[in-house]
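Visitor: I'm passing along coords17.csv; it holds CSV, C-alpha atoms.
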```
chain,number,residue,atom,x,y,z
A,176,MET,CA,268.9,244.1,182.3
A,177,ASN,CA,265.3,245.3,182.4
A,178,LEU,CA,265.6,248.6,180.6
A,179,ARG,CA,262.5,247.7,178.6
A,180,ARG,CA,260.2,248.4,181.5
A,181,ASP,CA,261.5,252.0,181.7
A,182,VAL,CA,258.8,254.2,180.1
A,183,PHE,CA,261.4,256.7,179.0
A,184,GLN,CA,263.2,254.0,177.1
A,185,ALA,CA,259.9,253.0,175.6
A,186,ILE,CA,259.1,256.4,174.2
A,187,ALA,CA,262.6,257.0,173.0
A,188,ASP,CA,261.7,255.1,169.8
A,189,PRO,CA,260.0,257.0,167.0
A,190,THR,CA,257.9,254.0,165.9
A,191,ARG,CA,256.6,253.5,169.4
A,192,ARG,CA,255.8,257.2,169.7
A,193,ALA,CA,253.8,256.9,166.4
A,194,ILE,CA,252.0,253.9,167.8
A,195,LEU,CA,251.1,255.9,170.9
A,196,LEU,CA,249.7,258.7,168.8
A,197,LEU,CA,247.6,256.2,166.8
A,198,VAL,CA,246.0,254.5,169.8
A,199,ALA,CA,245.5,257.8,171.5
A,200,SER,CA,242.5,258.6,169.3
A,201,GLN,CA,240.9,255.1,169.2
A,202,SER,CA,241.4,251.5,170.2
A,203,LEU,CA,243.0,249.4,167.4
A,204,THR,CA,244.0,245.8,166.7
A,205,ALA,CA,247.6,244.9,166.1
A,206,GLY,CA,246.8,244.4,162.4
A,207,ALA,CA,245.3,247.9,162.1
A,208,ILE,CA,248.3,249.4,163.9
A,209,ALA,CA,250.8,247.5,161.7
A,210,SER,CA,249.0,248.6,158.5
A,211,ASN,CA,250.2,252.2,159.3
A,212,PHE,CA,253.8,251.2,159.1
A,213,ASP,CA,256.1,249.9,156.4
A,214,THR,CA,258.0,247.8,159.0
A,215,ALA,CA,257.4,244.1,159.2
A,216,ARG,CA,254.5,242.9,161.3
A,217,PRO,CA,256.7,241.1,163.9
A,218,THR,CA,258.6,244.3,164.5
A,219,VAL,CA,255.3,246.1,165.2
A,220,SER,CA,254.3,243.3,167.5
A,221,LYS,CA,257.6,243.7,169.4
A,222,HIS,CA,256.9,247.4,169.8
A,223,LEU,CA,253.4,246.7,171.1
A,224,GLN,CA,254.9,244.2,173.5
A,225,ILE,CA,257.3,246.8,174.9
A,226,LEU,CA,254.6,249.4,175.2
A,227,THR,CA,252.3,246.9,176.9
A,228,GLU,CA,255.1,245.8,179.3
A,229,CYS,CA,255.6,249.3,180.5
A,230,GLU,CA,251.9,249.9,180.7
A,231,LEU,CA,251.8,252.8,178.2
A,232,ILE,CA,249.1,250.8,176.3
A,233,LYS,CA,246.6,248.3,177.5
A,234,GLN,CA,245.1,245.3,175.8
A,235,GLU,CA,241.4,244.6,175.7
A,236,GLN,CA,239.7,241.5,174.4
A,237,ASN,CA,236.7,242.3,172.2
A,238,GLY,CA,235.2,239.1,170.8
A,239,ARG,CA,238.0,237.3,169.0
A,240,GLU,CA,240.1,240.5,168.6
A,241,ILE,CA,242.6,242.1,170.9
A,242,TYR,CA,242.4,245.9,170.9
A,243,TYR,CA,245.1,248.2,172.1
A,244,HIS,CA,244.4,251.5,173.7
A,245,LEU,CA,246.4,254.2,175.4
A,246,ASN,CA,246.8,254.1,179.2
A,247,PRO,CA,246.3,257.8,180.0
A,248,LYS,CA,247.4,257.4,183.6
A,249,LYS,CA,250.9,256.2,182.5
A,250,MET,CA,251.1,258.9,179.9
A,251,LYS,CA,250.4,261.4,182.6
A,252,GLU,CA,253.3,260.1,184.6
A,253,ILE,CA,255.6,261.0,181.8
A,254,ALA,CA,254.2,264.5,181.4
A,255,ASP,CA,254.5,264.9,185.2
A,256,PHE,CA,258.1,264.0,185.2
A,257,ILE,CA,259.1,267.2,183.5
A,258,GLU,CA,256.3,269.4,184.9
A,259,PRO,CA,258.0,270.3,188.2
A,260,PHE,CA,261.0,271.5,186.3
A,261,ARG,CA,258.9,273.5,183.9
A,262,LYS,CA,256.9,274.9,186.9
A,263,MET,CA,260.1,276.0,188.6
A,264,TRP,CA,261.1,278.0,185.6
A,265,ASP,CA,257.6,279.3,184.9
A,266,ASP,CA,257.5,280.6,188.5
A,267,ARG,CA,260.8,282.3,188.2
A,268,PHE,CA,259.9,283.9,184.9
A,269,ASN,CA,256.5,285.0,186.2
A,270,LYS,CA,258.4,286.7,189.0
A,271,LEU,CA,260.8,288.3,186.6
A,272,GLU,CA,257.8,289.7,184.6
A,273,THR,CA,256.1,291.1,187.8
A,274,ILE,CA,259.3,292.7,188.9
A,275,MET,CA,260.1,294.3,185.5
A,276,LYS,CA,256.6,295.6,185.1
A,277,LYS,CA,257.0,297.5,188.3
A,278,TYR,CA,260.4,298.6,187.3
A,279,LYS,CA,259.0,300.0,184.0
A,280,SER,CA,256.3,302.0,185.7
A,281,LYS,CA,258.9,303.6,188.1
B,292,MET,CA,245.8,278.0,176.5
B,293,GLU,CA,249.4,278.0,175.3
B,294,GLN,CA,252.0,277.8,178.1
B,295,LYS,CA,254.2,280.8,178.5
B,296,THR,CA,257.1,278.7,179.6
B,297,LYS,CA,257.9,275.6,177.6
B,298,ILE,CA,260.5,272.9,178.2
B,299,ASP,CA,261.5,270.8,175.2
B,300,ALA,CA,263.5,267.8,176.4
B,301,GLU,CA,263.7,265.2,173.7
B,302,GLU,CA,264.2,261.6,175.0
B,303,GLY,CA,267.7,260.2,174.8
B,304,ARG,CA,269.4,263.6,174.2
B,305,GLN,CA,271.7,265.4,176.5
B,306,GLU,CA,270.2,268.8,176.0
B,307,LEU,CA,267.0,270.7,176.6
B,308,VAL,CA,265.4,273.9,175.4
B,309,ILE,CA,263.5,276.4,177.6
B,310,THR,CA,261.4,279.0,175.9
B,311,ARG,CA,259.4,281.8,177.5
B,312,LYS,CA,257.4,284.7,176.1
B,313,PHE,CA,257.3,287.9,178.2
B,314,ASP,CA,254.8,290.7,178.2
B,315,LEU,CA,257.8,293.0,178.5
B,316,PRO,CA,259.9,294.9,176.0
B,317,LEU,CA,263.2,293.1,175.1
B,318,GLU,CA,265.4,295.6,176.9
B,319,LEU,CA,263.7,295.0,180.2
B,320,VAL,CA,263.9,291.3,180.0
B,321,PHE,CA,267.6,291.5,179.2
B,322,LYS,CA,268.1,293.9,182.1
B,323,ALA,CA,266.6,291.3,184.4
B,324,PHE,CA,269.4,288.9,183.3
B,325,ALA,CA,272.2,291.5,183.7
B,326,ASP,CA,271.4,293.4,186.8
B,327,PRO,CA,272.6,291.6,190.0
B,328,GLU,CA,269.9,293.1,192.2
B,329,ILE,CA,267.1,292.1,189.9
B,330,ILE,CA,268.5,288.6,189.4
B,331,GLU,CA,268.5,288.1,193.2
B,332,GLN,CA,264.8,288.9,193.2
B,333,TRP,CA,263.5,286.6,190.5
B,334,MET,CA,266.0,283.8,190.8
B,335,GLY,CA,265.8,283.8,194.6
B,336,THR,CA,269.6,283.6,194.9
B,337,LYS,CA,272.2,285.8,196.4
B,338,VAL,CA,274.6,287.1,193.7
B,339,ILE,CA,278.1,286.8,195.1
B,340,LYS,CA,279.8,287.9,191.9
B,341,LEU,CA,278.7,288.8,188.4
B,342,GLU,CA,280.9,290.0,185.7
B,343,SER,CA,278.6,290.4,182.7
B,344,LYS,CA,281.2,290.4,179.9
B,345,LYS,CA,283.2,288.0,177.9
B,346,HIS,CA,285.8,286.1,180.1
B,347,GLY,CA,283.8,287.2,183.1
B,348,SER,CA,282.4,284.8,185.7
B,349,TYR,CA,279.6,284.6,188.2
B,350,GLN,CA,278.8,283.0,191.5
B,351,PHE,CA,275.3,282.6,193.0
B,352,GLU,CA,274.3,281.3,196.4
B,353,THR,CA,271.1,280.0,197.8
B,354,THR,CA,270.1,278.7,201.2
B,355,ASP,CA,267.5,276.0,201.3
B,356,PRO,CA,264.8,275.8,204.0
B,357,LYS,CA,267.1,273.5,206.0
B,358,GLY,CA,269.8,276.1,206.1
B,359,ASN,CA,272.2,274.3,203.6
B,360,VAL,CA,274.1,276.7,201.3
B,361,HIS,CA,274.2,275.8,197.6
B,362,ARG,CA,276.5,277.5,195.2
B,363,PHE,CA,276.1,277.9,191.5
B,364,SER,CA,278.8,279.3,189.3
B,365,GLY,CA,280.2,279.5,185.8
B,366,VAL,CA,282.1,281.5,183.2
B,367,ILE,CA,280.6,283.9,180.7
B,368,HIS,CA,281.6,283.4,177.1
B,369,ALA,CA,279.4,285.9,175.3
B,370,PHE,CA,277.5,288.9,176.6
B,371,ILE,CA,275.8,290.7,173.8
B,372,PRO,CA,273.2,293.2,175.2
B,373,ASN,CA,269.6,292.5,174.1
B,374,GLN,CA,270.8,289.5,172.0
B,375,LYS,CA,272.6,286.7,173.7
B,376,ILE,CA,274.3,285.4,176.8
B,377,THR,CA,276.5,282.3,176.6
B,378,ARG,CA,277.8,280.8,179.8
B,379,THR,CA,278.6,277.7,181.6
B,380,PHE,CA,276.6,276.6,184.7
B,381,GLU,CA,277.6,274.4,187.5
B,382,MET,CA,275.9,273.4,190.7
B,383,GLU,CA,278.9,273.1,192.9
B,384,ASN,CA,279.5,269.9,194.9
B,385,THR,CA,276.9,267.9,193.0
B,386,PRO,CA,277.3,265.1,190.5
B,387,PHE,CA,275.5,267.1,187.7
B,388,GLY,CA,278.6,268.3,185.9
B,389,VAL,CA,278.9,271.5,183.9
B,390,GLN,CA,276.3,272.7,181.4
B,391,LEU,CA,276.7,275.0,178.5
B,392,GLU,CA,273.8,277.5,178.4
B,393,VAL,CA,273.0,279.7,175.4
B,394,THR,CA,270.3,282.2,176.0
B,395,GLU,CA,269.0,284.2,173.0
B,396,PHE,CA,266.7,287.3,173.4
B,397,GLU,CA,264.2,288.1,170.8
B,398,LYS,CA,262.0,291.1,170.3
B,399,LEU,CA,258.4,290.0,169.3
B,400,SER,CA,256.8,293.5,169.4
B,401,GLU,CA,257.3,296.8,171.2
B,402,ASP,CA,255.9,295.3,174.4
B,403,THR,CA,256.6,291.6,174.0
B,404,SER,CA,259.7,289.4,173.8
B,405,LYS,CA,260.9,285.9,173.9
B,406,ILE,CA,263.9,284.1,175.3
B,407,THR,CA,265.3,280.7,174.3
B,408,THR,CA,267.8,278.9,176.5
B,409,HIS,CA,269.6,275.9,175.1
B,410,SER,CA,271.2,273.9,177.8
B,411,ILE,CA,273.7,271.2,176.9
B,412,TYR,CA,274.7,268.6,179.6
B,413,GLU,CA,277.7,266.3,179.8
B,414,SER,CA,275.5,263.2,179.3
B,415,VAL,CA,271.9,262.1,178.9
B,416,ALA,CA,271.9,260.7,182.4
B,417,GLN,CA,273.0,264.0,183.9
B,418,ARG,CA,270.3,265.9,182.0
B,419,ASP,CA,267.6,263.5,183.2
B,420,GLN,CA,268.8,263.6,186.8
B,421,MET,CA,268.7,267.4,186.6
B,422,LEU,CA,265.1,267.3,185.2
B,423,ARG,CA,264.1,265.1,188.1
B,424,LEU,CA,265.7,267.4,190.7
B,425,PRO,CA,262.6,269.4,191.5
B,426,PHE,CA,260.8,266.1,192.2
B,427,THR,CA,263.5,265.2,194.6
B,428,GLN,CA,263.4,268.5,196.4
B,429,GLY,CA,259.7,268.2,196.8
B,430,ILE,CA,258.0,271.5,196.4
B,431,ASN,CA,260.8,273.8,195.2
B,432,TRP,CA,261.8,277.0,197.0
B,433,ALA,CA,261.0,279.3,194.2
B,434,HIS,CA,257.5,277.9,194.1
B,435,ASN,CA,257.2,278.5,197.9
B,436,ARG,CA,258.2,282.1,197.5
B,437,LEU,CA,255.7,282.6,194.7
B,438,GLN,CA,253.0,281.2,196.9
B,439,GLU,CA,254.0,283.6,199.6
B,440,ILE,CA,253.8,286.6,197.3
B,441,LEU,CA,250.4,285.4,195.9
B,442,SER,CA,249.0,284.9,199.3
B,443,LYS,CA,250.0,288.5,200.2
B,444,LEU,CA,248.3,289.8,197.1
B,445,LYS,CA,245.0,288.2,198.1
```
Step by step, read the file and then write its structure as structure tokens.

Guide:
Amino acid sequence: MNLRRDVFQAIADPTRRAILLLVASQSLTAGAIASNFDTARPTVSKHLQILTECELIKQEQNGREIYYHLNPKKMKEIADFIEPFRKMWDDRFNKLETIMKKYKSK
Amino acid sequence: MEQKTKIDAEEGRQELVITRKFDLPLELVFKAFADPEIIEQWMGTKVIKLESKKHGSYQFETTDPKGNVHRFSGVIHAFIPNQKITRTFEMENTPFGVQLEVTEFEKLSEDTSKITTHSIYESVAQRDQMLRLPFTQGINWAHNRLQEILSKLK
């Protein structure tokens, strides 16, 4: 089973979503990320591994430290997934609005 | 800018919430959900049957660009003018099951209003499949029609 590579599975977890928010603003080391959570360090490492595997975050070597940062391209994929559905309803409702504005002025 | 239509689909849940603010009085928005002729215009479907009352039912039909006919139908559980419509929704002959849809109508001001539709699916998988549907269809038909209208306005 390779569910782990599913991005939607990855963002289903609240800790992982919190990690994504953290690294969205700046690149951080695993230690800096872990310091934001009460959970044990290995647990945070596991979350980072999952997020890295599905490419939501990327590692970057900076001297002796490894920094994690958000992969905006992958994040956009998630946003895009729901966008056509939203657009479909947005178009319908825009149309409703246009029709009823005309109806009102009749 | 804030989006007028919002979809809230939390991961791992079998429901989603659609919210939309309209620059229209509440009564006109509700009318657009109750009048078959108006529904046909904005939903882009043919209304075969619509009994807007408790224990009533409805049947809509659309024809895709390839000429295939799709039917949508359900039963109405609550029809409270200017407040609420509760109904089931089913795309016939598809694996998407039956959804429960609760739409609430809310007055924001004399000229603005808001609707909130809460859709509950049979399973998380069914919801996610449904969300992906516009992808599968490519550019959806409603969008095409909107483009046509917009190009005529230019």

Visitor: Each residue of chain A with at least one atom at most 10 Å from chain B should appear once, together with its nearest atom pair and the corresponding distance in Å (one decimal); atoms considered: only C-alpha atoms; ordering: chain, then increasing residue number; output as a Markdown table.

Guide:
```
| residue | atom | partner | partner_atom | distance |
| --- | --- | --- | --- | --- |
| A:Phe183 | CA | B:Glu302 | CA | 6.9 |
| A:Gln184 | CA | B:Glu302 | CA | 7.9 |
| A:Ala185 | CA | B:Glu302 | CA | 9.6 |
| A:Ile186 | CA | B:Glu302 | CA | 7.3 |
| A:Ala187 | CA | B:Glu302 | CA | 5.3 |
| A:Asp188 | CA | B:Glu302 | CA | 8.7 |
| A:Asp255 | CA | B:Phe426 | CA | 9.5 |
| A:Phe256 | CA | B:Arg423 | CA | 6.8 |
| A:Ile257 | CA | B:Leu422 | CA | 6.2 |
| A:Glu258 | CA | B:Ile298 | CA | 8.6 |
| A:Pro259 | CA | B:Pro425 | CA | 5.7 |
| A:Phe260 | CA | B:Pro425 | CA | 5.8 |
| A:Arg261 | CA | B:Ile298 | CA | 6.0 |
| A:Lys262 | CA | B:His434 | CA | 7.8 |
| A:Met263 | CA | B:His434 | CA | 6.4 |
| A:Trp264 | CA | B:Thr296 | CA | 7.2 |
| A:Asp265 | CA | B:Thr296 | CA | 5.4 |
| A:Asp266 | CA | B:His434 | CA | 6.2 |
| A:Arg267 | CA | B:Trp333 | CA | 5.6 |
| A:Phe268 | CA | B:Trp333 | CA | 7.2 |
| A:Asn269 | CA | B:Trp333 | CA | 8.4 |
| A:Lys270 | CA | B:Trp333 | CA | 5.3 |
| A:Leu271 | CA | B:Trp333 | CA | 5.0 |
| A:Glu272 | CA | B:Phe313 | CA | 6.7 |
| A:Thr273 | CA | B:Trp333 | CA | 9.1 |
| A:Ile274 | CA | B:Trp333 | CA | 7.6 |
| A:Met275 | CA | B:Leu319 | CA | 6.4 |
| A:Lys276 | CA | B:Leu315 | CA | 7.2 |
| A:Tyr278 | CA | B:Leu319 | CA | 8.6 |
| A:Lys279 | CA | B:Leu319 | CA | 7.8 |
```

Visitor: Looking at all atoms listed in the file, which of A:His222, A:Pro247, A:Gly206, A:Gln201 is the one that sits closest to Pro189 in chain A?

Guide: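 Closest candidate: A:His222.
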
Visitor: Which value, in Å to one decimal, gives the distance between CA of Ile241 in chain A and CA of Ser202 in chain A?

Guide: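 Answer for the CA of Ile241 in chain A to CA of Ser202 in chain A separation: 9.5 Å.
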
Visitor: Find the distance between CA of Thr379 in chain B and CA of Lys398 in chain B and write it in Å to one decimal.

Guide: 24.1 Å

Visitor: For Lys405 in chain B, which of B:Glu318, B:Glu352, B:Glu381, B:Glu392 is the closest residue, counting all atoms listed in the file?

Guide: B:Glu318

Visitor: For the point (279.0, 270.6, 179.6) in file coordinates, what residues are within 7 Å, counting all atoms listed in the file? Give the answer as a ChimeraX atom specification?

Guide: /B:388-391,411-413

Visitor: Check the smallest atom-to-atom distance from each of B:Thr407, B:Asn384, B:Ser400, B:Ser343 to His361 in chain B using all atoms listed in the file, then report the winner.

Guide: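 Under the stated criterion, the closest residue is B:Asn384.
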